[in-house]
Every structure is written in C-alpha cells, then in structure tokens.
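**Student:** Here you go, this is data-v3.txt (compact mmCIF, C-alpha atoms).
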# COMPACT_ATOMS: atom_id res chain seq x y z
CA MET A 181 -102.23 -36.90 50.00
CA GLY A 182 -101.52 -40.12 48.19
CA ARG A 183 -103.41 -43.34 48.21
CA PHE A 184 -101.85 -44.76 51.35
CA GLY A 185 -101.90 -41.58 53.43
CA ILE A 186 -98.38 -40.48 52.36
CA ASP A 187 -97.79 -36.97 51.10
CA VAL A 188 -95.71 -37.49 47.93
CA ASP A 189 -94.74 -33.81 47.79
CA SER A 190 -93.17 -34.02 51.28
CA LEU A 191 -91.47 -37.28 50.46
CA CYS A 192 -89.81 -35.89 47.31
CA SER A 193 -88.99 -32.44 48.70
CA TYR A 194 -85.44 -30.99 48.79
CA THR A 195 -83.77 -27.82 50.11
CA THR A 196 -81.90 -25.19 48.15
CA GLU A 197 -80.18 -21.93 48.92
CA LYS A 198 -81.53 -18.57 48.09
CA GLN A 199 -79.00 -16.16 46.66
CA VAL A 200 -79.28 -12.45 47.20
CA VAL A 201 -77.29 -9.87 45.25
CA VAL A 202 -76.49 -6.81 47.38
CA ARG A 203 -76.00 -3.80 45.16
CA HIS A 204 -74.56 -1.27 47.58
CA LYS A 205 -71.13 0.29 47.02
CA TRP A 206 -70.17 0.63 50.73
CA ALA A 207 -71.31 -2.87 51.68
CA GLY A 208 -69.51 -4.32 48.62
CA LEU A 209 -66.36 -2.32 49.38
CA LEU A 210 -66.40 -3.58 53.01
CA TYR A 211 -67.00 -7.19 51.84
CA TYR A 212 -64.16 -7.24 49.30
CA SER A 213 -61.81 -5.32 51.65
CA CYS A 214 -62.30 -8.01 54.31
CA ILE A 215 -61.60 -10.78 51.76
CA PHE A 216 -58.47 -8.91 50.59
CA VAL A 217 -57.19 -8.46 54.18
CA VAL A 218 -57.76 -12.16 54.99
CA VAL A 219 -55.94 -13.29 51.81
CA LEU A 220 -53.13 -10.80 52.46
CA TYR A 221 -52.79 -12.07 56.07
CA ILE A 222 -52.61 -15.71 54.91
CA VAL A 223 -50.05 -15.03 52.18
CA ILE A 224 -47.77 -12.52 53.93
CA VAL A 225 -47.96 -13.51 57.61
CA GLN A 226 -48.71 -17.24 57.57
CA VAL A 227 -46.92 -18.36 54.41
CA VAL A 228 -44.03 -15.90 53.96
CA TYR A 229 -43.20 -14.63 57.47
CA ASN A 230 -44.03 -17.76 59.51
CA ARG A 231 -42.86 -20.08 56.70
CA GLY A 232 -46.11 -22.00 56.80
CA TYR A 233 -45.14 -23.96 53.69
CA LEU A 234 -42.36 -25.75 55.65
CA ALA A 235 -42.73 -28.61 58.13
CA PHE A 236 -40.18 -28.12 60.90
CA GLN A 237 -38.87 -31.20 62.72
CA ALA A 238 -36.47 -31.45 65.62
CA LEU A 239 -33.28 -33.17 64.51
CA SER A 240 -30.60 -34.90 66.48
CA GLY A 241 -27.26 -35.83 65.04
CA THR A 242 -24.20 -37.91 65.72
CA VAL A 243 -20.68 -37.46 64.41
CA ARG A 244 -18.05 -40.17 64.43
CA ALA A 245 -14.41 -39.70 63.54
CA THR A 246 -11.95 -42.54 63.00
CA TYR A 247 -8.31 -42.70 61.97
CA MET A 248 -7.22 -44.99 59.16
CA PRO A 249 -3.43 -45.51 59.01
CA PRO A 250 -1.66 -45.40 55.65
CA SER A 251 -1.62 -48.66 53.73
CA GLU A 252 2.15 -48.37 53.30
CA TYR A 253 4.48 -46.58 55.67
CA ALA A 254 6.78 -43.94 54.27
CA PRO A 255 10.45 -44.94 54.14
CA LEU A 256 12.29 -44.09 57.33
CA SER A 257 14.80 -42.02 55.37
CA SER A 258 12.05 -39.53 54.39
CA LEU A 259 10.89 -38.82 57.96
CA LYS A 260 12.84 -35.73 59.03
CA TYR A 261 11.73 -35.93 62.66
CA CYS A 262 13.19 -39.42 63.32
CA ASN A 263 16.70 -39.74 64.71
CA GLN A 264 17.19 -42.94 62.63
CA SER A 265 16.73 -40.95 59.39
CA ALA A 266 19.66 -39.76 57.31
CA ALA A 267 17.61 -36.65 56.45
CA ALA A 268 16.87 -35.90 60.13
CA ASN A 269 16.32 -32.24 60.91
CA ARG A 270 18.68 -31.61 63.82
CA SER A 271 16.80 -28.43 64.79
CA ILE A 272 13.84 -30.50 66.07
CA VAL A 273 14.18 -30.81 69.82
CA PRO A 274 13.96 -33.49 71.05
CA LEU A 275 14.93 -35.68 68.13
CA LEU A 276 13.47 -39.10 68.99
CA PRO A 277 13.35 -42.53 67.39
CA CYS A 278 10.30 -43.44 65.32
CA VAL A 279 8.07 -46.47 65.83
CA SER A 280 5.29 -47.93 63.69
CA TRP A 281 2.66 -48.90 66.22
CA ASP A 282 -0.78 -50.17 65.33
CA ALA A 283 -3.41 -47.41 65.07
CA SER A 284 -5.51 -49.10 67.78
CA LEU A 285 -2.69 -48.36 70.25
CA THR A 286 -2.18 -44.72 69.25
CA THR A 287 -5.72 -43.45 68.66
CA GLN A 288 -8.62 -42.90 71.02
CA THR A 289 -12.17 -41.91 70.16
CA SER A 290 -14.61 -40.37 72.59
CA ALA A 291 -17.96 -38.62 72.46
CA SER A 292 -16.23 -35.26 72.11
CA GLY A 293 -13.50 -36.03 69.60
CA LEU A 294 -10.64 -38.07 68.20
CA LEU A 295 -7.11 -38.22 69.56
CA VAL A 296 -4.39 -39.34 67.16
CA GLY A 297 -1.13 -39.90 69.00
CA THR A 298 2.02 -38.58 67.32
CA ARG A 299 4.41 -38.99 70.24
CA ILE A 300 4.46 -41.81 72.74
CA THR A 301 6.01 -41.79 76.18
CA ARG A 302 5.97 -45.04 78.10
CA LYS A 303 6.67 -45.02 81.83
CA LEU A 304 6.98 -48.27 83.67
CA GLN A 305 5.85 -48.25 87.28
CA ARG A 306 6.91 -50.62 90.01
CA ARG A 307 4.95 -51.77 93.02
CA ASN A 308 5.97 -50.20 96.30
CA ALA A 309 6.51 -53.26 98.52
CA SER A 310 6.39 -51.16 101.70
CA CYS A 311 2.75 -50.13 101.04
CA TYR A 312 -0.06 -52.46 101.83
CA GLU A 313 -3.27 -52.45 99.81
CA LEU A 314 -5.34 -50.53 102.37
CA ASP A 315 -2.65 -48.10 103.64
CA TYR A 316 -3.79 -44.48 103.56
CA GLY A 317 -1.31 -41.88 102.27
CA CYS A 318 1.16 -44.40 100.93
CA SER A 319 1.78 -44.34 97.17
CA PRO A 320 1.51 -47.97 96.01
CA TRP A 321 3.37 -47.30 92.71
CA TYR A 322 6.62 -45.49 91.91
CA GLU A 323 8.52 -44.66 88.74
CA THR A 324 12.19 -45.15 88.15
CA GLY A 325 13.98 -42.74 85.84
CA GLY A 326 15.47 -45.42 83.60
CA ASP A 327 12.06 -46.94 82.78
CA THR A 328 10.87 -44.06 80.57
CA VAL A 329 10.94 -44.43 76.77
CA SER A 330 9.79 -41.75 74.27
CA ALA A 331 9.30 -42.05 70.50
CA TYR A 332 7.43 -40.48 67.60
CA VAL A 333 4.80 -42.44 65.65
CA GLY A 334 6.30 -42.48 62.18
CA GLY A 335 4.18 -41.67 59.12
CA VAL A 336 1.06 -40.74 61.11
CA GLU A 337 0.64 -37.65 58.92
CA ASP A 338 -0.02 -39.88 55.90
CA GLY A 339 -3.13 -41.45 57.48
CA THR A 340 -6.74 -40.51 56.81
CA ILE A 341 -9.26 -39.14 59.28
CA LEU A 342 -12.76 -40.31 58.38
CA VAL A 343 -15.63 -38.10 59.56
CA GLN A 344 -19.07 -39.69 59.39
CA HIS A 345 -22.40 -38.28 60.51
CA SER A 346 -25.94 -39.42 61.13
CA VAL A 347 -29.10 -37.29 61.43
CA SER A 348 -32.37 -38.54 62.83
CA SER A 349 -35.87 -37.15 63.17
CA GLN A 350 -39.25 -38.44 64.26
CA SER A 351 -40.71 -38.02 60.77
CA VAL A 352 -37.93 -39.48 58.60
CA ALA A 353 -39.81 -42.79 58.48
CA ALA A 354 -42.66 -40.99 56.73
CA ILE A 355 -40.28 -39.30 54.26
CA LEU A 356 -38.15 -42.35 53.42
CA PRO A 357 -40.11 -45.56 53.90
CA GLY A 358 -37.97 -48.48 54.95
CA GLN A 359 -35.20 -46.24 56.32
CA GLY A 360 -36.27 -46.41 59.97
CA GLU A 361 -35.79 -43.16 61.80
CA SER A 362 -32.31 -42.12 60.72
CA LEU A 363 -30.34 -40.91 57.73
CA ASP A 364 -27.04 -42.73 58.17
CA SER A 365 -23.65 -42.21 56.57
CA PHE A 366 -21.83 -44.78 58.72
CA GLY A 367 -21.72 -47.22 55.81
CA GLU A 368 -18.73 -47.82 53.55
CA ARG A 369 -17.60 -44.66 51.76
CA GLU A 370 -14.68 -43.77 49.52
CA ALA A 371 -12.09 -41.56 51.18
CA ALA A 372 -12.25 -37.91 50.11
CA THR A 373 -9.14 -35.93 49.28
CA LEU A 374 -8.95 -32.35 50.52
CA SER A 375 -6.72 -29.93 48.70
CA GLY A 376 -6.02 -26.27 48.95
Take the structure in this file and express it as structure tokens.
**Tutor:**
Amino acid sequence: MGRFGIDVDSLCSYTTEKQVVVRHKWAGLLYYSCIFVVVLYIVIVQVVYNRGYLAFQALSGTVRATYMPPSEYAPLSSLKYCNQSAAANRSIVPLLPCVSWDASLTTQTSASGLLVGTRITRKLQRRNASCYELDYGCSPWYETGGDTVSAYVGGVEDGTILVQHSVSSQSVAAILPGQGESLDSFGEREAATLSG
C-alpha cells in the first residue's frame, strides 16, 4: 500500500501470455497437418478454383452501328449494276437506274441492328374517295400500277459502317475516377480498314 491508500503494484500491473512448448510427435503432427490442410484449402480451392483473386462485376453493354456514306461518289460509268452505265452488266436482272440519295433516307438503325438500303422501291398511294374515315372493311388507300418506281442506291458499297460499343458496371467509378459509370467508345474515332 502506498501513502494515499493506493496499491502501486496493482496500478502498474500488466498482462502477458504464457507460452508452452508441446514436445509430442503425434500432437505436433496433428497441429502441422491441420495448418497444411487449411493453407492448401485456401490456395487450391479459394484462390485457384474459385478465382478468389478476381472481383467479378455484372456488366451491361450497348452496341451502336451507323452508316457513313462515301465522301465522293464513284463515277456512274464504274457501277456495273446501273442501267445508265456504259459498263452495265446485262446479266443482272432487273437492271435498274441508280440514284444518289442521302444516307438519312436509305438507312435505319434500331435496337437490334442497322439496315442499309441498296434498292429503293417507291409506291405512291391514292386516297379512296368512296371510303369514309370510320368505314369498316373499306381500304382507304389504293395503289396504281404506274406510280411505282424502283432504283438502286449507287455507290453504297463504298460507305463505312461504324460499330461503337459501351460497357458499364456498378464499380467502374471506383476503377476510373471521373469516368462516371461507363466505359464509352461513342466519341470520335478514326475509321478502321478491314482487309483480308
């Protein structure tokens, strides 16, 4: 006891561990066998087999395809499928005239793909004056045979189809700070040339 009724030995006490060395071959063999099995399980099953070193994330992607017409149209004389061409291949049936329509009129994009028109058929319809707006079974429009025009889109094979993609994940923001939640390729890119 100290001067003021405080036990200095209790106040300054600390705890420590007591180590015991077990010198028994069967107990030591069991101990190290258990450690070996646990390490083997972690390395083979968890890391190698279950690929525990990878962080799997669900991805969702988008693909967009667009058609870019050629900057200059090929000369009409080189298009063998046009009836205006001197080099026209007469074995192509039907041999039609060629037109150079804007790509916005001949291409359509949808969620499932890209349609690039190579042949156009225009049919004009006329209003059937004998049908009223609410008549059931009466066809309000009819076609006349002379109002149909067909043509090929000339030089469409010289255009470029651009395929762009975007992949997004919930954790991309953590991987690439400032990138939001998507890896995007919809920006400006140089056109690639495929050969082979």
**Student:** List every protein, DNA or RNA residue with an atom no more than 8 Å from (-0.8, -42.0, 57.8) in the file's coordinates, counting only C-alpha atoms, and format the result as number ranges by chain.
**Tutor:** A: 248-251, 253, 335-340
**Student:** Skipping near chain neighbours, those fewer than 3 positions away, what residues fall within 12 Å of region 265-273 of chain A using all atoms listed in the file, listed as an NGL selection string?
**Tutor:** :A and (254-262 or 276-278 or 332 or 334)
**Student:** Write a file of the selected residues as a PDB file, in the coordinates of the input, keeping C-alpha atoms.
**Tutor:**
ATOM      1  CA  ALA A 254       6.780 -43.940  54.270  1.00  0.00           C
ATOM      2  CA  PRO A 255      10.450 -44.940  54.140  1.00  0.00           C
ATOM      3  CA  LEU A 256      12.290 -44.090  57.330  1.00  0.00           C
ATOM      4  CA  SER A 257      14.800 -42.020  55.370  1.00  0.00           C
ATOM      5  CA  SER A 258      12.050 -39.530  54.390  1.00  0.00           C
ATOM      6  CA  LEU A 259      10.890 -38.820  57.960  1.00  0.00           C
ATOM      7  CA  LYS A 260      12.840 -35.730  59.030  1.00  0.00           C
ATOM      8  CA  TYR A 261      11.730 -35.930  62.660  1.00  0.00           C
ATOM      9  CA  CYS A 262      13.190 -39.420  63.320  1.00  0.00           C
ATOM     10  CA  LEU A 276      13.470 -39.100  68.990  1.00  0.00           C
ATOM     11  CA  PRO A 277      13.350 -42.530  67.390  1.00  0.00           C
ATOM     12  CA  CYS A 278      10.300 -43.440  65.320  1.00  0.00           C
ATOM     13  CA  TYR A 332       7.430 -40.480  67.600  1.00  0.00           C
ATOM     14  CA  GLY A 334       6.300 -42.480  62.180  1.00  0.00           C
TER      15      GLY A 334
END
**Student:** Hey, can you check how far CA of Val279 (chain A) sits from CA of Ile300 (chain A)?
**Tutor:**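 Answer for the CA of Val279 (chain A) to CA of Ile300 (chain A) separation: 9.1 Å.
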**Student:** Starting from 3 Å padding per side, set up an axis-aligned box that covers all listed atoms of region 320-339 of chain A and hand over centre and edge lengths in Å, one decimal, as lines of an AutoDock Vina configuration file.
**Tutor:**
center_x = 6.2
center_y = -42.8
center_z = 76.0
size_x = 24.6
size_y = 16.3
size_z = 46.1
**Student:** CA of Thr298 (chain A) to CA of Arg244 (chain A): how many Å, to one decimal?
**Tutor:**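 Interatomic distance, CA of Thr298 (chain A) to CA of Arg244 (chain A): 20.3 Å.
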**Student:** Could you state the separation of CA of Ser319 (chain A) and CA of Gln305 (chain A) in Å, given to one decimal place?
**Tutor:**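 CA of Gln305 (chain A) lies at a distance of 11.4 Å from CA of Ser319 (chain A).
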**Student:** Taking 5 positions as the minimum chain separation for residues in the same chain, which residues sit within 8 Å of Leu342 (chain A) when counting all atoms listed in the file? Answer as a JSON list (two decimals) with C-alpha atoms, in the frame of the given file.
**Tutor:**
[["chain", "number", "residue", "atom", "x", "y", "z"],
["A", 245, "ALA", "CA", -14.41, -39.70, 63.54],
["A", 246, "THR", "CA", -11.95, -42.54, 63.00],
["A", 247, "TYR", "CA", -8.31, -42.70, 61.97],
["A", 248, "MET", "CA", -7.22, -44.99, 59.16],
["A", 371, "ALA", "CA", -12.09, -41.56, 51.18]]
**Student:** List every protein, DNA or RNA residue with an atom no more than 10 Å from (6.1, -43.1, 88.1) in the file's coordinates, counting all atoms listed in the file, and format the result as a PyMOL selection string.
**Tutor:** chain A and resi 303-306+321-325+327-328
**Student:** Taking C-alpha atoms for each residue, export the selection above as a compact mmCIF listing (two decimals), in the coordinates of the input.
**Tutor:**
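result.txt written:
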# COMPACT_ATOMS: atom_id res chain seq x y z
CA LYS A 303 6.67 -45.02 81.83
CA LEU A 304 6.98 -48.27 83.67
CA GLN A 305 5.85 -48.25 87.28
CA ARG A 306 6.91 -50.62 90.01
CA TRP A 321 3.37 -47.30 92.71
CA TYR A 322 6.62 -45.49 91.91
CA GLU A 323 8.52 -44.66 88.74
CA THR A 324 12.19 -45.15 88.15
CA GLY A 325 13.98 -42.74 85.84
CA ASP A 327 12.06 -46.94 82.78
CA THR A 328 10.87 -44.06 80.57
**Student:** Between A:Val228, A:Ala235, A:Val343, A:Ala331, which is the closest to Gln264 (chain A) once you count only C-alpha atoms?
**Tutor:**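 Closest residue, counting only C-alpha atoms: A:Ala331.
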